[in-house]
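entry02.cif (mmCIF, C-alpha atoms) appears below.
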```
data_my_file
#
loop_
_atom_site.group_PDB
_atom_site.id
_atom_site.type_symbol
_atom_site.label_atom_id
_atom_site.label_comp_id
_atom_site.auth_asym_id
_atom_site.auth_seq_id
_atom_site.Cartn_x
_atom_site.Cartn_y
_atom_site.Cartn_z
ATOM 1 C CA ASP E 13 -20.703 75.607 -7.680
ATOM 2 C CA ALA E 14 -19.644 78.197 -10.255
ATOM 3 C CA GLY E 15 -23.106 78.893 -11.555
ATOM 4 C CA VAL E 16 -23.904 79.638 -15.165
ATOM 5 C CA ILE E 17 -20.952 81.241 -16.901
ATOM 6 C CA GLN E 18 -21.294 83.570 -19.860
ATOM 7 C CA SER E 19 -18.704 85.254 -22.010
ATOM 8 C CA PRO E 20 -17.989 87.881 -22.961
ATOM 9 C CA ARG E 21 -19.669 90.063 -20.341
ATOM 10 C CA HIS E 22 -19.647 93.049 -22.663
ATOM 11 C CA GLU E 23 -19.388 93.205 -26.430
ATOM 12 C CA VAL E 24 -19.267 96.253 -28.657
ATOM 13 C CA THR E 25 -19.276 95.660 -32.374
ATOM 14 C CA GLU E 26 -20.127 97.356 -35.607
ATOM 15 C CA MET E 27 -23.142 96.650 -37.714
ATOM 16 C CA GLY E 28 -22.566 93.775 -40.077
ATOM 17 C CA GLN E 29 -20.058 91.970 -37.894
ATOM 18 C CA GLU E 30 -20.543 88.467 -36.566
ATOM 19 C CA VAL E 31 -21.106 88.140 -32.844
ATOM 20 C CA THR E 32 -20.758 84.929 -30.844
ATOM 21 C CA LEU E 33 -22.002 84.665 -27.282
ATOM 22 C CA ARG E 34 -20.974 81.742 -25.107
ATOM 23 C CA CYS E 35 -22.548 79.921 -22.210
ATOM 24 C CA LYS E 36 -21.462 77.191 -19.839
ATOM 25 C CA PRO E 37 -24.414 75.784 -17.887
ATOM 26 C CA ILE E 38 -24.275 74.458 -14.370
ATOM 27 C CA SER E 39 -22.706 71.015 -14.424
ATOM 28 C CA GLY E 40 -25.289 68.266 -14.633
ATOM 29 C CA HIS E 41 -28.128 70.495 -15.800
ATOM 30 C CA ASP E 42 -29.950 69.123 -18.809
ATOM 31 C CA TYR E 43 -31.870 72.215 -19.935
ATOM 32 C CA LEU E 44 -30.319 75.350 -21.354
ATOM 33 C CA PHE E 45 -32.164 78.539 -22.274
ATOM 34 C CA TRP E 46 -31.184 81.708 -24.123
ATOM 35 C CA TYR E 47 -33.061 84.929 -23.311
ATOM 36 C CA ARG E 48 -32.835 88.484 -24.560
ATOM 37 C CA GLN E 49 -33.666 91.516 -22.440
ATOM 38 C CA THR E 50 -34.478 94.904 -23.936
ATOM 39 C CA MET E 51 -36.251 97.957 -22.611
ATOM 40 C CA MET E 52 -38.922 97.690 -25.269
ATOM 41 C CA ARG E 53 -39.697 93.983 -25.138
ATOM 42 C CA GLY E 54 -38.562 92.915 -21.681
ATOM 43 C CA LEU E 55 -37.296 89.364 -21.238
ATOM 44 C CA GLU E 56 -37.899 87.065 -24.173
ATOM 45 C CA LEU E 57 -37.031 83.418 -24.565
ATOM 46 C CA LEU E 58 -35.103 82.865 -27.781
ATOM 47 C CA ILE E 59 -34.432 79.132 -27.760
ATOM 48 C CA TYR E 60 -33.988 76.257 -25.377
ATOM 49 C CA PHE E 61 -32.230 72.902 -25.440
ATOM 50 C CA ASN E 62 -32.769 69.627 -23.665
ATOM 51 C CA ASN E 63 -29.849 67.220 -23.555
ATOM 52 C CA ASN E 64 -28.101 69.333 -26.204
ATOM 53 C CA VAL E 65 -31.043 69.124 -28.621
ATOM 54 C CA PRO E 66 -32.944 72.293 -29.588
ATOM 55 C CA ILE E 67 -36.533 71.918 -28.427
ATOM 56 C CA ASP E 68 -38.135 75.250 -29.237
ATOM 57 C CA ASP E 69 -36.574 78.000 -31.311
ATOM 58 C CA SER E 70 -39.770 79.904 -32.010
ATOM 59 C CA GLY E 71 -38.400 82.932 -30.193
ATOM 60 C CA MET E 72 -35.397 83.347 -32.459
ATOM 61 C CA PRO E 73 -36.131 86.627 -34.192
ATOM 62 C CA GLU E 74 -34.563 86.049 -37.594
ATOM 63 C CA ASP E 75 -32.351 83.756 -39.587
ATOM 64 C CA ARG E 76 -29.454 85.962 -38.574
ATOM 65 C CA PHE E 77 -29.669 84.287 -35.172
ATOM 66 C CA SER E 78 -28.467 80.747 -34.623
ATOM 67 C CA ALA E 79 -27.705 78.680 -31.530
ATOM 68 C CA LYS E 80 -25.831 75.472 -30.992
ATOM 69 C CA MET E 81 -25.079 73.167 -28.126
ATOM 70 C CA PRO E 82 -22.308 70.791 -29.207
ATOM 71 C CA ASN E 83 -22.038 69.204 -25.777
ATOM 72 C CA ALA E 84 -23.583 69.318 -22.325
ATOM 73 C CA SER E 85 -21.226 71.987 -21.062
ATOM 74 C CA PHE E 86 -21.222 74.555 -23.834
ATOM 75 C CA SER E 87 -23.608 76.549 -25.970
ATOM 76 C CA THR E 88 -23.245 79.434 -28.388
ATOM 77 C CA LEU E 89 -25.605 82.059 -29.709
ATOM 78 C CA LYS E 90 -24.455 83.613 -32.943
ATOM 79 C CA ILE E 91 -25.705 86.711 -34.709
ATOM 80 C CA GLN E 92 -24.575 87.160 -38.290
ATOM 81 C CA PRO E 93 -24.695 89.847 -39.496
ATOM 82 C CA SER E 94 -25.406 91.957 -36.441
ATOM 83 C CA GLU E 95 -27.647 95.034 -36.535
ATOM 84 C CA PRO E 96 -28.097 97.935 -34.095
ATOM 85 C CA ARG E 97 -31.527 96.604 -33.056
ATOM 86 C CA ASP E 98 -29.803 93.484 -31.714
ATOM 87 C CA SER E 99 -28.349 95.588 -28.906
ATOM 88 C CA ALA E 100 -29.580 94.001 -25.689
ATOM 89 C CA VAL E 101 -28.537 91.917 -22.719
ATOM 90 C CA TYR E 102 -28.457 88.223 -23.561
ATOM 91 C CA PHE E 103 -28.918 85.804 -20.695
ATOM 92 C CA CYS E 104 -28.254 82.118 -20.580
ATOM 93 C CA ALA E 105 -30.006 79.951 -17.989
ATOM 94 C CA SER E 106 -29.912 76.289 -17.091
ATOM 95 C CA SER E 107 -32.039 73.899 -15.100
ATOM 96 C CA LEU E 108 -32.115 70.308 -14.002
ATOM 97 C CA SER E 109 -35.307 68.449 -14.701
ATOM 98 C CA SER E 110 -36.521 65.920 -12.187
ATOM 99 C CA GLY E 111 -39.584 64.749 -14.005
ATOM 100 C CA GLY E 112 -41.052 68.201 -14.225
ATOM 101 C CA VAL E 113 -40.411 71.919 -14.380
ATOM 102 C CA GLU E 114 -37.601 73.139 -12.195
ATOM 103 C CA THR E 115 -35.975 76.441 -11.345
ATOM 104 C CA GLN E 116 -33.894 78.122 -14.005
ATOM 105 C CA TYR E 117 -30.585 79.584 -12.887
ATOM 106 C CA PHE E 118 -29.395 82.586 -14.819
ATOM 107 C CA GLY E 119 -25.942 83.662 -15.839
ATOM 108 C CA PRO E 120 -24.648 87.231 -15.513
ATOM 109 C CA GLY E 121 -25.553 88.069 -19.081
ATOM 110 C CA THR E 122 -23.712 89.505 -22.066
ATOM 111 C CA ARG E 123 -24.374 93.164 -22.743
ATOM 112 C CA LEU E 124 -24.216 93.619 -26.507
ATOM 113 C CA LEU E 125 -23.985 96.964 -28.241
ATOM 114 C CA VAL E 126 -24.084 97.059 -32.020
ATOM 115 C CA LEU E 127 -23.056 100.396 -33.473
ATOM 116 C CA ALA D 5 -53.279 83.424 -25.365
ATOM 117 C CA GLN D 6 -51.160 82.706 -22.326
ATOM 118 C CA SER D 7 -49.712 85.829 -20.771
ATOM 119 C CA VAL D 8 -48.240 87.285 -17.611
ATOM 120 C CA SER D 9 -48.954 90.816 -16.465
ATOM 121 C CA GLN D 10 -47.457 92.968 -13.770
ATOM 122 C CA HIS D 11 -49.555 95.996 -13.064
ATOM 123 C CA ASN D 12 -47.021 98.264 -11.450
ATOM 124 C CA HIS D 13 -44.214 99.550 -13.620
ATOM 125 C CA HIS D 14 -42.447 101.603 -10.985
ATOM 126 C CA VAL D 15 -42.972 101.678 -7.243
ATOM 127 C CA ILE D 16 -41.265 104.149 -4.945
ATOM 128 C CA LEU D 17 -41.224 103.472 -1.213
ATOM 129 C CA SER D 18 -39.550 104.632 1.933
ATOM 130 C CA GLU D 19 -37.571 102.249 4.078
ATOM 131 C CA ALA D 20 -39.697 100.189 6.477
ATOM 132 C CA ALA D 21 -42.768 100.542 4.257
ATOM 133 C CA SER D 22 -44.618 97.438 3.165
ATOM 134 C CA LEU D 23 -44.398 96.235 -0.411
ATOM 135 C CA GLU D 24 -46.873 94.357 -2.544
ATOM 136 C CA LEU D 25 -46.349 93.711 -6.239
ATOM 137 C CA GLY D 26 -49.114 92.317 -8.361
ATOM 138 C CA CYS D 27 -48.792 89.486 -10.856
ATOM 139 C CA ASN D 28 -51.593 87.939 -12.873
ATOM 140 C CA TYR D 29 -51.573 85.342 -15.571
ATOM 141 C CA SER D 30 -54.088 84.223 -18.135
ATOM 142 C CA TYR D 31 -54.348 80.454 -18.376
ATOM 143 C CA GLY D 32 -56.805 77.933 -17.012
ATOM 144 C CA GLY D 33 -54.475 74.977 -16.668
ATOM 145 C CA THR D 34 -51.546 74.001 -14.501
ATOM 146 C CA VAL D 35 -48.983 76.682 -13.817
ATOM 147 C CA ASN D 36 -45.668 76.965 -12.022
ATOM 148 C CA LEU D 37 -44.952 80.422 -10.632
ATOM 149 C CA PHE D 38 -41.747 82.284 -9.908
ATOM 150 C CA TRP D 39 -40.536 85.645 -8.722
ATOM 151 C CA TYR D 40 -37.069 86.728 -9.791
ATOM 152 C CA VAL D 41 -35.167 89.833 -8.721
ATOM 153 C CA GLN D 42 -32.568 91.726 -10.715
ATOM 154 C CA TYR D 43 -30.388 94.109 -8.719
ATOM 155 C CA PRO D 44 -28.809 96.960 -10.679
ATOM 156 C CA GLY D 45 -26.232 95.594 -13.080
ATOM 157 C CA GLN D 46 -26.690 92.011 -11.952
ATOM 158 C CA HIS D 47 -28.319 88.863 -13.263
ATOM 159 C CA LEU D 48 -31.676 87.461 -12.298
ATOM 160 C CA GLN D 49 -31.890 85.649 -9.003
ATOM 161 C CA LEU D 50 -34.735 83.478 -7.777
ATOM 162 C CA LEU D 51 -36.689 84.958 -4.871
ATOM 163 C CA LEU D 52 -39.276 82.216 -4.502
ATOM 164 C CA LYS D 53 -41.352 79.716 -6.435
ATOM 165 C CA TYR D 54 -44.628 77.859 -6.255
ATOM 166 C CA PHE D 55 -45.226 74.456 -7.803
ATOM 167 C CA SER D 56 -47.873 72.922 -5.559
ATOM 168 C CA GLY D 57 -48.980 72.631 -1.939
ATOM 169 C CA ASP D 58 -49.299 75.539 0.480
ATOM 170 C CA PRO D 59 -50.253 78.570 -1.635
ATOM 171 C CA LEU D 60 -48.330 80.875 0.682
ATOM 172 C CA VAL D 61 -44.652 80.513 -0.099
ATOM 173 C CA LYS D 62 -41.735 82.105 1.625
ATOM 174 C CA GLY D 63 -38.561 83.050 -0.160
ATOM 175 C CA ILE D 64 -35.259 84.670 0.524
ATOM 176 C CA LYS D 65 -34.675 88.103 2.049
ATOM 177 C CA GLY D 66 -38.036 88.127 3.845
ATOM 178 C CA PHE D 67 -40.195 87.956 0.724
ATOM 179 C CA GLU D 68 -43.343 85.891 0.427
ATOM 180 C CA ALA D 69 -45.986 85.341 -2.214
ATOM 181 C CA GLU D 70 -49.484 83.967 -2.254
ATOM 182 C CA PHE D 71 -50.981 81.957 -5.078
ATOM 183 C CA ILE D 72 -54.716 82.612 -5.418
ATOM 184 C CA LYS D 73 -55.910 80.256 -8.103
ATOM 185 C CA SER D 74 -59.374 81.786 -8.384
ATOM 186 C CA LYS D 75 -57.837 85.151 -9.143
ATOM 187 C CA PHE D 76 -55.005 83.813 -11.333
ATOM 188 C CA SER D 77 -52.666 85.833 -9.162
ATOM 189 C CA PHE D 78 -49.301 85.397 -7.484
ATOM 190 C CA ASN D 79 -48.577 88.622 -5.618
ATOM 191 C CA LEU D 80 -45.249 89.292 -3.955
ATOM 192 C CA ARG D 81 -45.063 90.875 -0.510
ATOM 193 C CA LYS D 82 -42.537 92.096 1.979
ATOM 194 C CA PRO D 83 -43.676 93.673 5.248
ATOM 195 C CA SER D 84 -40.757 96.071 5.660
ATOM 196 C CA VAL D 85 -38.444 97.002 2.812
ATOM 197 C CA GLN D 86 -34.852 98.101 3.006
ATOM 198 C CA TRP D 87 -32.809 100.339 0.770
ATOM 199 C CA SER D 88 -31.062 97.207 -0.534
ATOM 200 C CA ASP D 89 -34.376 95.961 -1.958
ATOM 201 C CA THR D 90 -34.060 98.522 -4.733
ATOM 202 C CA ALA D 91 -34.205 96.343 -7.847
ATOM 203 C CA GLU D 92 -36.378 95.160 -10.679
ATOM 204 C CA TYR D 93 -38.778 92.346 -9.873
ATOM 205 C CA PHE D 94 -40.077 89.885 -12.430
ATOM 206 C CA CYS D 95 -42.958 87.488 -12.182
ATOM 207 C CA ALA D 96 -42.555 84.421 -14.383
ATOM 208 C CA VAL D 97 -44.806 81.507 -15.220
ATOM 209 C CA THR D 98 -44.564 78.163 -16.950
ATOM 210 C CA PHE D 99 -47.798 76.840 -18.426
ATOM 211 C CA SER D 100 -48.866 73.187 -18.334
ATOM 212 C CA ASN D 101 -45.455 71.995 -17.223
ATOM 213 C CA ASP D 102 -43.869 73.479 -20.310
ATOM 214 C CA TYR D 103 -40.260 74.340 -19.633
ATOM 215 C CA LYS D 104 -40.550 77.793 -21.212
ATOM 216 C CA LEU D 105 -40.658 80.688 -18.766
ATOM 217 C CA SER D 106 -42.918 83.581 -19.679
ATOM 218 C CA PHE D 107 -41.973 86.789 -17.919
ATOM 219 C CA GLY D 108 -43.999 89.783 -16.943
ATOM 220 C CA ALA D 109 -42.742 93.218 -17.940
ATOM 221 C CA GLY D 110 -41.121 93.739 -14.557
ATOM 222 C CA THR D 111 -41.630 96.239 -11.752
ATOM 223 C CA THR D 112 -38.890 98.636 -10.772
ATOM 224 C CA VAL D 113 -38.836 99.175 -7.024
ATOM 225 C CA THR D 114 -36.990 102.164 -5.618
ATOM 226 C CA VAL D 115 -36.569 102.324 -1.854
ATOM 227 C CA ARG D 116 -35.649 105.695 -0.453
ATOM 228 C CA ALA D 117 -33.435 105.748 2.617
#
```

Spell out the structure here as structure tokens.
Amino acid sequence: DAGVIQSPRHEVTEMGQEVTLRCKPISGHDYLFWYRQTMMRGLELLIYFNNNVPIDDSGMPEDRFSAKMPNASFSTLKIQPSEPRDSAVYFCASSLSSGGVETQYFGPGTRLLVL
Amino acid sequence: AQSVSQHNHHVILSEAASLELGCNYSYGGTVNLFWYVQYPGQHLQLLLKYFSGDPLVKGIKGFEAEFIKSKFSFNLRKPSVQWSDTAEYFCAVTFSNDYKLSFGAGTTVTVRA
């Protein structure tokens, strides 16, 4: 099992540029989560999907952030335009529901630096 | 409001010392409880979890945690730490079978050889 795959692992960009982060969940998992980790705010849930449908996006900080899940094996988190305060580690996680809450498995994260 | 708190921000220990990290939550309903570990430069890995049943749960790498419902606590323990346990430890909770994980602020554990 390859686990949750994220790309790129590192991204350095300039303020104002568009950034796209990618995630491939564990095959067969029906929940996908996007988190952001910063020193100031810790780990925050941004959005999560169930069966490719966004369920809760209340953690998305601004309209500059958007997430999609076009199919069960792929999701993107886009920031447009990016700002220095978006610098963080972005984690994707997936889980398989079996009638209730189950363990979330995390990817290696994308370390984003916006200059 | 529902919240998760970890009281220790940074713990420094010597090898072979015992470790206990506190985790409390504020919610009167059903919870599911997790401890995750993040080694330097790596992603989060599950140490252990509690959904129901025996409140004393055992996880990987010799860790265990006890759910005390009356105290709204889920403290993590390890009787004898190793240098390789140096990491950041996160308590996480889901409330009322919601799928959203709420994380505590994390505790950095440094084990001195």

Worksheet item: On this structure, which residues satisfy the PyMOL selection byres ((chain E) within 9 of (chain D)), written as a PyMOL selection string?
Response: chain E and resi 43+45+53-57+60+68+103+112-121

Since we have the selection now, will you write its residues out, keeping C-alpha atoms, as a compact mmCIF listing (two decimals), in the coordinates of the input?
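The file below, part21.txt, is the result:
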```txt
# COMPACT_ATOMS: atom_id res chain seq x y z
CA TYR E 43 -31.87 72.22 -19.93
CA PHE E 45 -32.16 78.54 -22.27
CA ARG E 53 -39.70 93.98 -25.14
CA GLY E 54 -38.56 92.92 -21.68
CA LEU E 55 -37.30 89.36 -21.24
CA GLU E 56 -37.90 87.06 -24.17
CA LEU E 57 -37.03 83.42 -24.56
CA TYR E 60 -33.99 76.26 -25.38
CA ASP E 68 -38.14 75.25 -29.24
CA PHE E 103 -28.92 85.80 -20.70
CA GLY E 112 -41.05 68.20 -14.22
CA VAL E 113 -40.41 71.92 -14.38
CA GLU E 114 -37.60 73.14 -12.20
CA THR E 115 -35.98 76.44 -11.34
CA GLN E 116 -33.89 78.12 -14.00
CA TYR E 117 -30.58 79.58 -12.89
CA PHE E 118 -29.40 82.59 -14.82
CA GLY E 119 -25.94 83.66 -15.84
CA PRO E 120 -24.65 87.23 -15.51
CA GLY E 121 -25.55 88.07 -19.08
```

Discussion item. Once the PyMOL selection byres ((chain D and resi 28) around 10) is applied to the coordinates I shared, what remains selected? I want it as a ChimeraX atom specification.
Written reply: /D:7-11,26-27,29-31,71-72,75-79,95-97,108

Discussion item. For this structure, which residues satisfy the selection - the PyMOL selection byres ((chain E and resi 69) around 8) - when it is evaluated on the file as given? I want them as a PyMOL selection string.
Written reply: chain E and resi 58-60+66-68+70-72

Exercise: range 35-40 of chain E partners within 12 Å, only C-alpha atoms, chain neighbours under 4 positions left out, as a tab-separated table (two decimals) with C-alpha atoms, in the coordinates of the input:
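Resulting contents of result.tsv:
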```tsv
chain	number	residue	atom	x	y	z
E	13	ASP	CA	-20.70	75.61	-7.68
E	14	ALA	CA	-19.64	78.20	-10.26
E	15	GLY	CA	-23.11	78.89	-11.56
E	16	VAL	CA	-23.90	79.64	-15.16
E	17	ILE	CA	-20.95	81.24	-16.90
E	18	GLN	CA	-21.29	83.57	-19.86
E	19	SER	CA	-18.70	85.25	-22.01
E	20	PRO	CA	-17.99	87.88	-22.96
E	21	ARG	CA	-19.67	90.06	-20.34
E	44	LEU	CA	-30.32	75.35	-21.35
E	45	PHE	CA	-32.16	78.54	-22.27
E	46	TRP	CA	-31.18	81.71	-24.12
E	47	TYR	CA	-33.06	84.93	-23.31
E	61	PHE	CA	-32.23	72.90	-25.44
E	62	ASN	CA	-32.77	69.63	-23.66
E	63	ASN	CA	-29.85	67.22	-23.56
E	64	ASN	CA	-28.10	69.33	-26.20
E	79	ALA	CA	-27.70	78.68	-31.53
E	80	LYS	CA	-25.83	75.47	-30.99
E	81	MET	CA	-25.08	73.17	-28.13
E	82	PRO	CA	-22.31	70.79	-29.21
E	83	ASN	CA	-22.04	69.20	-25.78
E	84	ALA	CA	-23.58	69.32	-22.32
E	85	SER	CA	-21.23	71.99	-21.06
E	86	PHE	CA	-21.22	74.56	-23.83
E	87	SER	CA	-23.61	76.55	-25.97
E	88	THR	CA	-23.24	79.43	-28.39
E	89	LEU	CA	-25.60	82.06	-29.71
E	90	LYS	CA	-24.46	83.61	-32.94
E	102	TYR	CA	-28.46	88.22	-23.56
E	103	PHE	CA	-28.92	85.80	-20.70
E	104	CYS	CA	-28.25	82.12	-20.58
E	105	ALA	CA	-30.01	79.95	-17.99
E	106	SER	CA	-29.91	76.29	-17.09
E	107	SER	CA	-32.04	73.90	-15.10
E	108	LEU	CA	-32.12	70.31	-14.00
E	109	SER	CA	-35.31	68.45	-14.70
E	110	SER	CA	-36.52	65.92	-12.19
E	116	GLN	CA	-33.89	78.12	-14.00
E	117	TYR	CA	-30.58	79.58	-12.89
E	118	PHE	CA	-29.40	82.59	-14.82
E	119	GLY	CA	-25.94	83.66	-15.84
E	120	PRO	CA	-24.65	87.23	-15.51
E	121	GLY	CA	-25.55	88.07	-19.08
E	122	THR	CA	-23.71	89.50	-22.07
```

Worksheet item: How many Å lie between CA of Val101 in chain E and CA of Thr90 in chain D, rounded to one decimal?
Response: 19.9 Å

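The gap separating CA of His13 in chain D from CA of Met52 in chain E is 12.9 Å, in Å to one decimal.
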
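CA of Glu92 in chain D lies 20.0 Å from CA of Leu124 in chain E.
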
Need the shell around Gln92 in chain E: protein/DNA/RNA residues with any atom at most 12 Å away, counting only C-alpha atoms. Skip same-chain ones fewer than 4 positions apart. Format as a PDB file with C-alpha atoms, in the frame of the given file?
```pdb
ATOM      1  CA  THR E  25     -19.276  95.660 -32.374  1.00  0.00           C
ATOM      2  CA  GLU E  26     -20.127  97.356 -35.607  1.00  0.00           C
ATOM      3  CA  MET E  27     -23.142  96.650 -37.714  1.00  0.00           C
ATOM      4  CA  GLY E  28     -22.566  93.775 -40.077  1.00  0.00           C
ATOM      5  CA  GLN E  29     -20.058  91.970 -37.894  1.00  0.00           C
ATOM      6  CA  GLU E  30     -20.543  88.467 -36.566  1.00  0.00           C
ATOM      7  CA  VAL E  31     -21.106  88.140 -32.844  1.00  0.00           C
ATOM      8  CA  THR E  32     -20.758  84.929 -30.844  1.00  0.00           C
ATOM      9  CA  LEU E  33     -22.002  84.665 -27.282  1.00  0.00           C
ATOM     10  CA  GLU E  74     -34.563  86.049 -37.594  1.00  0.00           C
ATOM     11  CA  ASP E  75     -32.351  83.756 -39.587  1.00  0.00           C
ATOM     12  CA  ARG E  76     -29.454  85.962 -38.574  1.00  0.00           C
ATOM     13  CA  PHE E  77     -29.669  84.287 -35.172  1.00  0.00           C
ATOM     14  CA  SER E  78     -28.467  80.747 -34.623  1.00  0.00           C
ATOM     15  CA  ALA E  79     -27.705  78.680 -31.530  1.00  0.00           C
ATOM     16  CA  ASP E  98     -29.803  93.484 -31.714  1.00  0.00           C
ATOM     17  CA  VAL E 126     -24.084  97.059 -32.020  1.00  0.00           C
TER      18      VAL E 126
END
```
